[in-house]
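Notes follow once the structure below has been shown.
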Amino acid sequence: MKFFRILYFHIYNTYYKDGNYSNDIPHLTASGLVGCSLSLLLTTAIVFTNFQLTGERMNTELTIGIAGIGVVITLFGTLYQQQYEAIYEQIKGTSWDNTLTRVFSWLIIIAGFLTVGLYAYIFNR
């Protein structure tokens with residue numbers, strides 16, 4: 001859970017900029033990016049594990065359902081009762097609030113979206 005909070009904080013803070021918004025809804029933007037990225041990472045891991053164990057691809061509906069559940073859980077976990085404010089206050093100014101962790105957080109987000117291409121390449125060659 002700490003990993004998720006640190007990841008969310010850095011994506012949120014990129015848009016929030018310590019109170020100076022660079023868009024209208026930084027909490028929703030960050031929730032969407034983190035939710036989609038982590039859901040894609042999780043879904044890809046499940047699909048590859050299933051393929052290694054059974055030798056068959058999962059059906060599309062189940063794959064989309066897994067990703068959708070991950071996004072909903074992330075949105076609920078950050079937006080319900082404005083948890084994004086608590087996450088921001090908890091991480092701001094700690095040892096996790098540094099440039100290296102910020103770069104690592106963005107690399108994880110990018111990796112999540114790149115897994116879609118990896119998935120397509122492996123199963124459609």
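Ordering of the structure tokens sets the chain letters (A, B, ...); residue numbers start at 1 within each chain; ligands are numbered from 1 in the order shown.
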*Quick one: DSSP alpha helix (DSSP H) residues in stretch 5-93 of chain A, as number ranges by chain?*
A: 5-16, 26-54, 60-79, 83-91
*For stretch 91-107 of chain A, list every protein, DNA or RNA residue within 9 Å, evaluated using only C-alpha atoms, and leave out those in the same chain fewer than 3 positions away; present the list as a PyMOL selection string.*
chain A and resi 5-11+14+86-88+110-112
With N, CA and C atoms retained, export the selected residues as a PDB file, in the first residue's frame.
ATOM      1  N   ARG A   5       0.820   4.517  -2.611  1.00  0.00           N
ATOM      2  CA  ARG A   5       0.704   5.903  -2.142  1.00  0.00           C
ATOM      3  C   ARG A   5       1.865   6.767  -2.657  1.00  0.00           C
ATOM      4  N   ILE A   6       3.060   6.218  -2.654  1.00  0.00           N
ATOM      5  CA  ILE A   6       4.223   6.962  -3.153  1.00  0.00           C
ATOM      6  C   ILE A   6       4.087   7.202  -4.653  1.00  0.00           C
ATOM      7  N   LEU A   7       3.691   6.178  -5.365  1.00  0.00           N
ATOM      8  CA  LEU A   7       3.495   6.302  -6.803  1.00  0.00           C
ATOM      9  C   LEU A   7       2.422   7.350  -7.105  1.00  0.00           C
ATOM     10  N   TYR A   8       1.298   7.245  -6.425  1.00  0.00           N
ATOM     11  CA  TYR A   8       0.205   8.198  -6.635  1.00  0.00           C
ATOM     12  C   TYR A   8       0.645   9.622  -6.283  1.00  0.00           C
ATOM     13  N   PHE A   9       1.360   9.784  -5.193  1.00  0.00           N
ATOM     14  CA  PHE A   9       1.808  11.111  -4.766  1.00  0.00           C
ATOM     15  C   PHE A   9       2.611  11.800  -5.863  1.00  0.00           C
ATOM     16  N   HIS A  10       3.541  11.088  -6.459  1.00  0.00           N
ATOM     17  CA  HIS A  10       4.403  11.722  -7.452  1.00  0.00           C
ATOM     18  C   HIS A  10       3.657  12.078  -8.730  1.00  0.00           C
ATOM     19  N   ILE A  11       2.738  11.246  -9.135  1.00  0.00           N
ATOM     20  CA  ILE A  11       1.944  11.571 -10.322  1.00  0.00           C
ATOM     21  C   ILE A  11       1.008  12.734 -10.000  1.00  0.00           C
ATOM     22  N   THR A  14       2.878  16.056  -9.776  1.00  0.00           N
ATOM     23  CA  THR A  14       3.282  16.585 -11.079  1.00  0.00           C
ATOM     24  C   THR A  14       2.228  17.547 -11.611  1.00  0.00           C
ATOM     25  N   ALA A  86      -5.072  13.117   1.850  1.00  0.00           N
ATOM     26  CA  ALA A  86      -4.343  12.411   2.911  1.00  0.00           C
ATOM     27  C   ALA A  86      -3.036  11.826   2.366  1.00  0.00           C
ATOM     28  N   ILE A  87      -3.085  11.286   1.158  1.00  0.00           N
ATOM     29  CA  ILE A  87      -1.873  10.730   0.545  1.00  0.00           C
ATOM     30  C   ILE A  87      -0.853  11.848   0.337  1.00  0.00           C
ATOM     31  N   TYR A  88      -1.314  12.981  -0.157  1.00  0.00           N
ATOM     32  CA  TYR A  88      -0.416  14.110  -0.408  1.00  0.00           C
ATOM     33  C   TYR A  88       0.247  14.576   0.884  1.00  0.00           C
ATOM     34  N   ILE A 110       4.824   4.551 -17.204  1.00  0.00           N
ATOM     35  CA  ILE A 110       5.106   4.333 -18.629  1.00  0.00           C
ATOM     36  C   ILE A 110       5.186   2.836 -18.929  1.00  0.00           C
ATOM     37  N   ALA A 111       5.816   2.077 -18.045  1.00  0.00           N
ATOM     38  CA  ALA A 111       5.924   0.626 -18.240  1.00  0.00           C
ATOM     39  C   ALA A 111       4.544  -0.026 -18.294  1.00  0.00           C
ATOM     40  N   GLY A 112       3.627   0.459 -17.476  1.00  0.00           N
ATOM     41  CA  GLY A 112       2.275  -0.079 -17.489  1.00  0.00           C
ATOM     42  C   GLY A 112       1.603   0.072 -18.845  1.00  0.00           C
TER      43      GLY A 112
END
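Pairwise distance (atom CA of A:Tyr15, atom CA of A:Lys2) equals 20.4 Å.
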*Would you mind listing what lies within 12 Å of A:Gly68 as an MDAnalysis selection string, with only C-alpha atoms counted and same-chain residues fewer than 6 positions away left out?*
chainID A and resid 32 35:40 42:43 61:62 74:75
Go ahead and write the selection's residues with N, CA, C and O atoms as a PDB file, in the first residue's frame.
ATOM      1  N   GLY A  32      -6.546   8.399 -12.706  1.00  0.00           N
ATOM      2  CA  GLY A  32      -6.712   7.713 -13.982  1.00  0.00           C
ATOM      3  C   GLY A  32      -5.409   7.130 -14.501  1.00  0.00           C
ATOM      4  O   GLY A  32      -5.365   5.979 -14.940  1.00  0.00           O
ATOM      5  N   GLY A  35      -4.277   4.324 -12.013  1.00  0.00           N
ATOM      6  CA  GLY A  35      -5.205   3.200 -12.098  1.00  0.00           C
ATOM      7  C   GLY A  35      -5.056   2.407 -13.379  1.00  0.00           C
ATOM      8  O   GLY A  35      -4.968   1.178 -13.366  1.00  0.00           O
ATOM      9  N   CYS A  36      -5.012   3.111 -14.507  1.00  0.00           N
ATOM     10  CA  CYS A  36      -4.864   2.423 -15.789  1.00  0.00           C
ATOM     11  C   CYS A  36      -3.521   1.716 -15.886  1.00  0.00           C
ATOM     12  O   CYS A  36      -3.451   0.560 -16.303  1.00  0.00           O
ATOM     13  N   SER A  37      -2.466   2.384 -15.490  1.00  0.00           N
ATOM     14  CA  SER A  37      -1.135   1.803 -15.602  1.00  0.00           C
ATOM     15  C   SER A  37      -0.977   0.558 -14.733  1.00  0.00           C
ATOM     16  O   SER A  37      -0.524  -0.495 -15.197  1.00  0.00           O
ATOM     17  N   LEU A  38      -1.350   0.673 -13.464  1.00  0.00           N
ATOM     18  CA  LEU A  38      -1.214  -0.481 -12.570  1.00  0.00           C
ATOM     19  C   LEU A  38      -2.150  -1.615 -12.975  1.00  0.00           C
ATOM     20  O   LEU A  38      -1.796  -2.792 -12.866  1.00  0.00           O
ATOM     21  N   SER A  39      -3.343  -1.281 -13.474  1.00  0.00           N
ATOM     22  CA  SER A  39      -4.266  -2.308 -13.937  1.00  0.00           C
ATOM     23  C   SER A  39      -3.707  -3.041 -15.149  1.00  0.00           C
ATOM     24  O   SER A  39      -3.848  -4.254 -15.262  1.00  0.00           O
ATOM     25  N   LEU A  40      -3.071  -2.291 -16.038  1.00  0.00           N
ATOM     26  CA  LEU A  40      -2.470  -2.937 -17.212  1.00  0.00           C
ATOM     27  C   LEU A  40      -1.300  -3.831 -16.815  1.00  0.00           C
ATOM     28  O   LEU A  40      -1.138  -4.921 -17.369  1.00  0.00           O
ATOM     29  N   LEU A  42      -0.954  -5.379 -13.894  1.00  0.00           N
ATOM     30  CA  LEU A  42      -1.563  -6.529 -13.238  1.00  0.00           C
ATOM     31  C   LEU A  42      -2.214  -7.471 -14.249  1.00  0.00           C
ATOM     32  O   LEU A  42      -2.023  -8.693 -14.195  1.00  0.00           O
ATOM     33  N   THR A  43      -2.958  -6.905 -15.169  1.00  0.00           N
ATOM     34  CA  THR A  43      -3.637  -7.716 -16.179  1.00  0.00           C
ATOM     35  C   THR A  43      -2.638  -8.475 -17.033  1.00  0.00           C
ATOM     36  O   THR A  43      -2.812  -9.670 -17.310  1.00  0.00           O
ATOM     37  N   GLU A  61     -13.221 -10.673 -22.689  1.00  0.00           N
ATOM     38  CA  GLU A  61     -14.100 -10.119 -21.663  1.00  0.00           C
ATOM     39  C   GLU A  61     -13.473 -10.221 -20.272  1.00  0.00           C
ATOM     40  O   GLU A  61     -13.537  -9.290 -19.482  1.00  0.00           O
ATOM     41  N   LEU A  62     -12.860 -11.355 -19.984  1.00  0.00           N
ATOM     42  CA  LEU A  62     -12.215 -11.545 -18.684  1.00  0.00           C
ATOM     43  C   LEU A  62     -11.009 -10.617 -18.538  1.00  0.00           C
ATOM     44  O   LEU A  62     -10.799 -10.016 -17.479  1.00  0.00           O
ATOM     45  N   THR A  74      -8.674   1.561  -7.855  1.00  0.00           N
ATOM     46  CA  THR A  74      -7.776   2.705  -7.716  1.00  0.00           C
ATOM     47  C   THR A  74      -8.557   4.005  -7.587  1.00  0.00           C
ATOM     48  O   THR A  74      -8.248   4.837  -6.729  1.00  0.00           O
ATOM     49  N   LEU A  75      -9.551   4.190  -8.432  1.00  0.00           N
ATOM     50  CA  LEU A  75     -10.359   5.412  -8.353  1.00  0.00           C
ATOM     51  C   LEU A  75     -11.061   5.509  -6.997  1.00  0.00           C
ATOM     52  O   LEU A  75     -11.080   6.571  -6.376  1.00  0.00           O
TER      53      LEU A  75
END
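Here atom CA of A:Thr115 is placed at a distance of 9.3 Å from atom CA of A:Ala45.
You can rank A:Gln90, A:Gln81, A:Asn50, A:Thr29 by their closest distance to A:Tyr12 using only C-alpha atoms, and at the top of that list sits A:Thr29.
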*What does the distance between atom CA of A:Phe4 and atom CA of A:Ala30 come to in Å, to one decimal place?*
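According to the coordinates, atom CA of A:Phe4 and atom CA of A:Ala30 are separated by 11.8 Å.
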